[in-house]
Amino acid sequence: MSADGSSRGRPTPEPRGTERRTADRSTARLDRIRADEIAVPREARHFQGDRAGFVSRVVANLVDVTVAALTVGALYLGLVGLLFVVNPTDPRLPSTPFPTLVLVGLWVLWLIFTVAWATSGRTFGGKIMGLRVVNFRGQRLLWPGSALRATFCVLFMPGLFWVVVSGENRSLQDTVLRTQVVYDWTHRRKERAEAGSTPAQ
């Protein structure tokens, strides 16, 4: 002890286990916040968390439809290649009716929507435009809610035009299922929905 009665020479005591864990969690939380701020473009930070507008959503959907069409084309070429391997002496293009191709394309689009919204909340088009689909609590959709919204969107695409007149940037699907599409450039980790919550109510 020094002359003035202080314990200046003593080493600083180590924090207890509970205090150490709390400090570690706080540090990790601050790191995530800093990482999210870096992920959001500076010019877009003003819109972060707002509901997406009509144009952004249309562009994202066009990208997703293009991805679905390219996927159908790749499946068709794969079928052609398979037929050539099976019968190389008499190669023939499969005669697939156009309505069948449309139905396959809609199924592929439904699959893209369902998987993307239930896992990361964003499709490829949504990632390009910085959009994410969440429920009314701001959480990612569960698989049933994601499949239901995908079905609604694929079977009634004109419901998107309700965004223009809703005043809240909600499509008809969002209004009925209580979902929302927000601007979100951050890299979210998978969220566990709260017990008893139903994302698409």
# chains A, B, ... in the order shown; residues from 1 in each chain; ligands from 1

$ residues_around --residues "segment 138-140 of chain A" --least-positions-apart "3" --cutoff "6 Å" --atoms "only C-alpha atoms" --output "PyMOL selection string"
chain A and resi 121+134-135

$ write_last_selection --atoms "C-alpha atoms" --output "tab-separated table (two decimals), in the first residue's frame"
chain	number	residue	atom	x	y	z
A	121	GLY	CA	-35.46	-13.83	-46.40
A	134	VAL	CA	-40.09	-10.60	-43.09
A	135	ASN	CA	-43.20	-11.16	-41.01

$ select_by_dssp --residues "segment 44-162 of chain A" --states "alpha helix (DSSP H)" --output "mmCIF file with N, CA and C atoms, in the first residue's frame"
data_model
loop_
_atom_site.group_PDB
_atom_site.id
_atom_site.type_symbol
_atom_site.label_atom_id
_atom_site.label_comp_id
_atom_site.auth_asym_id
_atom_site.auth_seq_id
_atom_site.Cartn_x
_atom_site.Cartn_y
_atom_site.Cartn_z
ATOM 1 N N PHE A 54 -42.532 0.182 -55.072
ATOM 2 C CA PHE A 54 -43.035 -0.624 -56.190
ATOM 3 C C PHE A 54 -41.928 -0.948 -57.188
ATOM 4 N N VAL A 55 -41.144 0.051 -57.572
ATOM 5 C CA VAL A 55 -40.128 -0.150 -58.611
ATOM 6 C C VAL A 55 -39.076 -1.158 -58.152
ATOM 7 N N SER A 56 -38.595 -1.026 -56.938
ATOM 8 C CA SER A 56 -37.572 -1.950 -56.427
ATOM 9 C C SER A 56 -38.091 -3.384 -56.425
ATOM 10 N N ARG A 57 -39.342 -3.552 -56.045
ATOM 11 C CA ARG A 57 -39.913 -4.888 -55.969
ATOM 12 C C ARG A 57 -40.148 -5.477 -57.351
ATOM 13 N N VAL A 58 -40.554 -4.631 -58.306
ATOM 14 C CA VAL A 58 -40.746 -5.114 -59.670
ATOM 15 C C VAL A 58 -39.422 -5.576 -60.266
ATOM 16 N N VAL A 59 -38.365 -4.789 -60.071
ATOM 17 C CA VAL A 59 -37.056 -5.164 -60.607
ATOM 18 C C VAL A 59 -36.585 -6.478 -59.984
ATOM 19 N N ALA A 60 -36.761 -6.620 -58.674
ATOM 20 C CA ALA A 60 -36.352 -7.862 -57.999
ATOM 21 C C ALA A 60 -37.131 -9.058 -58.537
ATOM 22 N N ASN A 61 -38.435 -8.876 -58.757
ATOM 23 C CA ASN A 61 -39.255 -9.967 -59.285
ATOM 24 C C ASN A 61 -38.865 -10.331 -60.714
ATOM 25 N N LEU A 62 -38.525 -9.322 -61.518
ATOM 26 C CA LEU A 62 -38.088 -9.606 -62.886
ATOM 27 C C LEU A 62 -36.799 -10.428 -62.883
ATOM 28 N N VAL A 63 -35.903 -10.104 -61.968
ATOM 29 C CA VAL A 63 -34.668 -10.886 -61.848
ATOM 30 C C VAL A 63 -34.986 -12.327 -61.464
ATOM 31 N N ASP A 64 -35.907 -12.501 -60.514
ATOM 32 C CA ASP A 64 -36.263 -13.850 -60.074
ATOM 33 C C ASP A 64 -36.957 -14.643 -61.176
ATOM 34 N N VAL A 65 -37.826 -13.987 -61.927
ATOM 35 C CA VAL A 65 -38.486 -14.657 -63.048
ATOM 36 C C VAL A 65 -37.452 -15.077 -64.095
ATOM 37 N N THR A 66 -36.462 -14.218 -64.332
ATOM 38 C CA THR A 66 -35.400 -14.551 -65.281
ATOM 39 C C THR A 66 -34.604 -15.765 -64.798
ATOM 40 N N VAL A 67 -34.305 -15.804 -63.499
ATOM 41 C CA VAL A 67 -33.589 -16.950 -62.939
ATOM 42 C C VAL A 67 -34.407 -18.220 -63.114
ATOM 43 N N ALA A 68 -35.716 -18.137 -62.886
ATOM 44 C CA ALA A 68 -36.581 -19.310 -63.047
ATOM 45 C C ALA A 68 -36.606 -19.761 -64.503
ATOM 46 N N ALA A 69 -36.683 -18.807 -65.438
ATOM 47 C CA ALA A 69 -36.710 -19.151 -66.866
ATOM 48 C C ALA A 69 -35.388 -19.809 -67.287
ATOM 49 N N LEU A 70 -34.280 -19.288 -66.810
ATOM 50 C CA LEU A 70 -32.982 -19.885 -67.142
ATOM 51 C C LEU A 70 -32.870 -21.293 -66.556
ATOM 52 N N THR A 71 -33.441 -21.479 -65.373
ATOM 53 C CA THR A 71 -33.424 -22.814 -64.755
ATOM 54 C C THR A 71 -34.220 -23.812 -65.593
ATOM 55 N N VAL A 72 -35.392 -23.377 -66.089
ATOM 56 C CA VAL A 72 -36.205 -24.248 -66.948
ATOM 57 C C VAL A 72 -35.448 -24.572 -68.237
ATOM 58 N N GLY A 73 -34.782 -23.563 -68.799
ATOM 59 C CA GLY A 73 -33.983 -23.798 -69.998
ATOM 60 C C GLY A 73 -32.866 -24.799 -69.764
ATOM 61 N N ALA A 74 -32.227 -24.694 -68.596
ATOM 62 C CA ALA A 74 -31.157 -25.641 -68.270
ATOM 63 C C ALA A 74 -31.709 -27.058 -68.100
ATOM 64 N N LEU A 75 -32.895 -27.168 -67.489
ATOM 65 C CA LEU A 75 -33.523 -28.487 -67.344
ATOM 66 C C LEU A 75 -33.870 -29.077 -68.703
ATOM 67 N N TYR A 76 -34.342 -28.233 -69.620
ATOM 68 C CA TYR A 76 -34.683 -28.708 -70.961
ATOM 69 C C TYR A 76 -33.435 -29.209 -71.697
ATOM 70 N N LEU A 77 -32.358 -28.430 -71.603
ATOM 71 C CA LEU A 77 -31.114 -28.852 -72.247
ATOM 72 C C LEU A 77 -30.581 -30.134 -71.618
ATOM 73 N N GLY A 78 -30.761 -30.275 -70.305
ATOM 74 C CA GLY A 78 -30.351 -31.510 -69.657
ATOM 75 C C GLY A 78 -31.146 -32.705 -70.154
ATOM 76 N N LEU A 79 -32.445 -32.490 -70.398
ATOM 77 C CA LEU A 79 -33.273 -33.568 -70.936
ATOM 78 C C LEU A 79 -32.842 -33.933 -72.346
ATOM 79 N N VAL A 80 -32.503 -32.921 -73.155
ATOM 80 C CA VAL A 80 -32.017 -33.183 -74.509
ATOM 81 C C VAL A 80 -30.724 -33.998 -74.459
ATOM 82 N N GLY A 81 -29.816 -33.616 -73.570
ATOM 83 C CA GLY A 81 -28.568 -34.356 -73.437
ATOM 84 C C GLY A 81 -28.787 -35.786 -72.986
ATOM 85 N N LEU A 82 -29.752 -35.984 -72.077
ATOM 86 C CA LEU A 82 -30.045 -37.333 -71.598
ATOM 87 C C LEU A 82 -30.603 -38.213 -72.725
ATOM 88 N N LEU A 83 -31.499 -37.642 -73.528
ATOM 89 C CA LEU A 83 -32.051 -38.397 -74.649
ATOM 90 C C LEU A 83 -30.975 -38.748 -75.674
ATOM 91 N N PHE A 84 -30.013 -37.847 -75.855
ATOM 92 C CA PHE A 84 -28.929 -38.121 -76.793
ATOM 93 C C PHE A 84 -28.047 -39.265 -76.287
ATOM 94 N N VAL A 85 -27.817 -39.293 -74.971
ATOM 95 C CA VAL A 85 -27.005 -40.375 -74.407
ATOM 96 C C VAL A 85 -27.739 -41.705 -74.529
ATOM 97 N N VAL A 86 -29.049 -41.685 -74.305
ATOM 98 C CA VAL A 86 -29.830 -42.921 -74.382
ATOM 99 C C VAL A 86 -29.920 -43.439 -75.810
ATOM 100 N N PHE A 98 -45.912 -25.800 -74.760
ATOM 101 C CA PHE A 98 -45.580 -24.539 -74.093
ATOM 102 C C PHE A 98 -46.265 -24.394 -72.737
ATOM 103 N N PRO A 99 -47.550 -24.763 -72.597
ATOM 104 C CA PRO A 99 -48.173 -24.668 -71.263
ATOM 105 C C PRO A 99 -47.443 -25.490 -70.209
ATOM 106 N N THR A 100 -46.880 -26.632 -70.628
ATOM 107 C CA THR A 100 -46.125 -27.447 -69.680
ATOM 108 C C THR A 100 -44.871 -26.713 -69.213
ATOM 109 N N LEU A 101 -44.197 -26.037 -70.142
ATOM 110 C CA LEU A 101 -43.010 -25.270 -69.768
ATOM 111 C C LEU A 101 -43.377 -24.135 -68.811
ATOM 112 N N VAL A 102 -44.531 -23.512 -69.050
ATOM 113 C CA VAL A 102 -44.979 -22.435 -68.158
ATOM 114 C C VAL A 102 -45.238 -22.974 -66.759
ATOM 115 N N LEU A 103 -45.905 -24.119 -66.683
ATOM 116 C CA LEU A 103 -46.188 -24.720 -65.377
ATOM 117 C C LEU A 103 -44.903 -25.093 -64.637
ATOM 118 N N VAL A 104 -43.941 -25.637 -65.384
ATOM 119 C CA VAL A 104 -42.652 -25.972 -64.760
ATOM 120 C C VAL A 104 -41.958 -24.702 -64.281
ATOM 121 N N GLY A 105 -42.031 -23.640 -65.081
ATOM 122 C CA GLY A 105 -41.427 -22.377 -64.687
ATOM 123 C C GLY A 105 -42.063 -21.801 -63.426
ATOM 124 N N LEU A 106 -43.380 -21.893 -63.316
ATOM 125 C CA LEU A 106 -44.069 -21.404 -62.120
ATOM 126 C C LEU A 106 -43.692 -22.234 -60.894
ATOM 127 N N TRP A 107 -43.538 -23.548 -61.096
ATOM 128 C CA TRP A 107 -43.133 -24.393 -59.978
ATOM 129 C C TRP A 107 -41.716 -24.049 -59.525
ATOM 130 N N VAL A 108 -40.823 -23.813 -60.481
ATOM 131 C CA VAL A 108 -39.448 -23.428 -60.132
ATOM 132 C C VAL A 108 -39.452 -22.094 -59.391
ATOM 133 N N LEU A 109 -40.267 -21.138 -59.855
ATOM 134 C CA LEU A 109 -40.348 -19.836 -59.199
ATOM 135 C C LEU A 109 -40.885 -19.990 -57.779
ATOM 136 N N TRP A 110 -41.901 -20.844 -57.613
ATOM 137 C CA TRP A 110 -42.448 -21.098 -56.275
ATOM 138 C C TRP A 110 -41.374 -21.684 -55.362
ATOM 139 N N LEU A 111 -40.577 -22.593 -55.892
ATOM 140 C CA LEU A 111 -39.518 -23.216 -55.099
ATOM 141 C C LEU A 111 -38.459 -22.191 -54.701
ATOM 142 N N ILE A 112 -38.108 -21.315 -55.641
ATOM 143 C CA ILE A 112 -37.119 -20.260 -55.353
ATOM 144 C C ILE A 112 -37.627 -19.359 -54.232
ATOM 145 N N PHE A 113 -38.875 -18.906 -54.342
ATOM 146 C CA PHE A 113 -39.451 -18.036 -53.323
ATOM 147 C C PHE A 113 -39.490 -18.723 -51.954
ATOM 148 N N THR A 114 -39.989 -19.947 -51.931
ATOM 149 C CA THR A 114 -40.168 -20.650 -50.662
ATOM 150 C C THR A 114 -38.846 -20.846 -49.938
ATOM 151 N N VAL A 115 -37.859 -21.370 -50.643
ATOM 152 C CA VAL A 115 -36.565 -21.646 -50.009
ATOM 153 C C VAL A 115 -35.868 -20.351 -49.579
ATOM 154 N N ALA A 116 -35.895 -19.345 -50.447
ATOM 155 C CA ALA A 116 -35.195 -18.091 -50.146
ATOM 156 C C ALA A 116 -35.821 -17.374 -48.951
ATOM 157 N N TRP A 117 -37.137 -17.259 -48.924
ATOM 158 C CA TRP A 117 -37.794 -16.530 -47.838
ATOM 159 C C TRP A 117 -37.706 -17.259 -46.504
ATOM 160 N N ALA A 118 -37.645 -18.588 -46.540
ATOM 161 C CA ALA A 118 -37.586 -19.349 -45.296
ATOM 162 C C ALA A 118 -36.164 -19.453 -44.742
ATOM 163 N N THR A 119 -35.161 -19.165 -45.540
ATOM 164 C CA THR A 119 -33.771 -19.298 -45.091
ATOM 165 C C THR A 119 -33.135 -17.931 -44.817
ATOM 166 N N PHE A 124 -32.514 -14.026 -55.092
ATOM 167 C CA PHE A 124 -31.379 -13.424 -55.791
ATOM 168 C C PHE A 124 -31.709 -11.990 -56.206
ATOM 169 N N GLY A 125 -32.935 -11.805 -56.713
ATOM 170 C CA GLY A 125 -33.348 -10.447 -57.064
ATOM 171 C C GLY A 125 -33.419 -9.547 -55.847
ATOM 172 N N GLY A 126 -33.907 -10.092 -54.726
ATOM 173 C CA GLY A 126 -33.966 -9.307 -53.500
ATOM 174 C C GLY A 126 -32.587 -8.922 -53.005
ATOM 175 N N LYS A 127 -31.626 -9.814 -53.175
ATOM 176 C CA LYS A 127 -30.258 -9.503 -52.761
ATOM 177 C C LYS A 127 -29.679 -8.382 -53.602
ATOM 178 N N ILE A 128 -29.954 -8.401 -54.903
ATOM 179 C CA ILE A 128 -29.449 -7.342 -55.774
ATOM 180 C C ILE A 128 -30.034 -5.979 -55.395
ATOM 181 N N MET A 129 -31.343 -5.968 -55.083
ATOM 182 C CA MET A 129 -32.032 -4.717 -54.780
ATOM 183 C C MET A 129 -32.006 -4.357 -53.293
ATOM 184 N N TRP A 143 -41.161 -21.985 -42.661
ATOM 185 C CA TRP A 143 -41.406 -22.681 -43.923
ATOM 186 C C TRP A 143 -42.869 -22.663 -44.347
ATOM 187 N N PRO A 144 -43.839 -22.936 -43.454
ATOM 188 C CA PRO A 144 -45.245 -22.880 -43.895
ATOM 189 C C PRO A 144 -45.659 -21.501 -44.380
ATOM 190 N N GLY A 145 -45.268 -20.460 -43.644
ATOM 191 C CA GLY A 145 -45.596 -19.107 -44.065
ATOM 192 C C GLY A 145 -44.928 -18.730 -45.373
ATOM 193 N N SER A 146 -43.690 -19.173 -45.548
ATOM 194 C CA SER A 146 -42.964 -18.892 -46.784
ATOM 195 C C SER A 146 -43.625 -19.583 -47.967
ATOM 196 N N ALA A 147 -44.019 -20.854 -47.790
ATOM 197 C CA ALA A 147 -44.681 -21.591 -48.871
ATOM 198 C C ALA A 147 -46.030 -20.970 -49.214
ATOM 199 N N LEU A 148 -46.760 -20.520 -48.196
ATOM 200 C CA LEU A 148 -48.067 -19.896 -48.435
ATOM 201 C C LEU A 148 -47.918 -18.591 -49.194
ATOM 202 N N ARG A 149 -46.942 -17.774 -48.801
ATOM 203 C CA ARG A 149 -46.729 -16.504 -49.506
ATOM 204 C C ARG A 149 -46.255 -16.745 -50.939
ATOM 205 N N ALA A 150 -45.383 -17.735 -51.123
ATOM 206 C CA ALA A 150 -44.909 -18.059 -52.472
ATOM 207 C C ALA A 150 -46.070 -18.506 -53.358
ATOM 208 N N THR A 151 -46.982 -19.310 -52.802
ATOM 209 C CA THR A 151 -48.149 -19.757 -53.571
ATOM 210 C C THR A 151 -49.012 -18.574 -53.981
ATOM 211 N N PHE A 152 -49.256 -17.675 -53.044
ATOM 212 C CA PHE A 152 -50.062 -16.485 -53.309
ATOM 213 C C PHE A 152 -49.411 -15.623 -54.384
ATOM 214 N N CYS A 153 -48.092 -15.446 -54.287
ATOM 215 C CA CYS A 153 -47.388 -14.582 -55.245
ATOM 216 C C CYS A 153 -47.360 -15.192 -56.643
ATOM 217 N N VAL A 154 -47.186 -16.510 -56.743
ATOM 218 C CA VAL A 154 -47.097 -17.162 -58.051
ATOM 219 C C VAL A 154 -48.465 -17.222 -58.734
ATOM 220 N N LEU A 155 -49.504 -17.519 -57.948
ATOM 221 C CA LEU A 155 -50.839 -17.673 -58.533
ATOM 222 C C LEU A 155 -51.526 -16.336 -58.791
ATOM 223 N N TRP A 162 -50.895 -3.658 -55.761
ATOM 224 C CA TRP A 162 -51.540 -3.028 -54.608
ATOM 225 C C TRP A 162 -50.569 -2.124 -53.846
#

$ closest_residue --among "A:Asn87, A:Arg132, A:Phe161, A:Asp184" --to "Arg45 of chain A" --atoms "only C-alpha atoms"
A:Asp184

$ atom_distance --atom1 "atom CA of Trp185 of chain A" --atom2 "atom CA of Phe156 of chain A"
27.5 Å

$ residues_around --residues "Ala52 of chain A" --least-positions-apart "4" --cutoff "9 Å" --atoms "only C-alpha atoms" --output "short mmCIF file (atom, residue, chain, number, x, y, z; two decimals) with N, CA and C atoms, in the first residue's frame"
data_model
loop_
_atom_site.label_atom_id
_atom_site.label_comp_id
_atom_site.auth_asym_id
_atom_site.auth_seq_id
_atom_site.Cartn_x
_atom_site.Cartn_y
_atom_site.Cartn_z
N PHE A 47 -32.68 4.61 -45.99
CA PHE A 47 -33.83 3.76 -46.30
C PHE A 47 -33.79 2.43 -45.56
N SER A 56 -38.59 -1.03 -56.94
CA SER A 56 -37.57 -1.95 -56.43
C SER A 56 -38.09 -3.38 -56.42
N ARG A 57 -39.34 -3.55 -56.04
CA ARG A 57 -39.91 -4.89 -55.97
C ARG A 57 -40.15 -5.48 -57.35
N LEU A 131 -33.46 -6.11 -50.74
CA LEU A 131 -34.79 -6.34 -50.17
C LEU A 131 -34.80 -7.62 -49.35
N ARG A 132 -35.66 -7.64 -48.33
CA ARG A 132 -35.83 -8.83 -47.52
C ARG A 132 -37.29 -8.97 -47.12
N ASN A 169 -46.92 0.73 -48.88
CA ASN A 169 -46.00 -0.11 -49.67
C ASN A 169 -46.20 -1.60 -49.38
N ARG A 170 -47.45 -2.01 -49.28
CA ARG A 170 -47.79 -3.41 -49.07
C ARG A 170 -48.51 -3.96 -50.30
N GLN A 180 -44.14 -8.23 -44.92
CA GLN A 180 -43.65 -6.97 -45.46
C GLN A 180 -42.30 -7.19 -46.14
N VAL A 181 -42.04 -6.34 -47.11
CA VAL A 181 -40.76 -6.36 -47.82
C VAL A 181 -40.03 -5.08 -47.46
N VAL A 182 -38.87 -5.21 -46.85
CA VAL A 182 -38.14 -4.04 -46.35
C VAL A 182 -36.78 -3.94 -47.02
N TYR A 183 -36.25 -2.72 -47.03
CA TYR A 183 -34.87 -2.53 -47.46
C TYR A 183 -33.95 -3.01 -46.33
#

$ atom_distance --atom1 "atom CA of Gln173 of chain A" --atom2 "atom CA of Gly159 of chain A"
6.4 Å
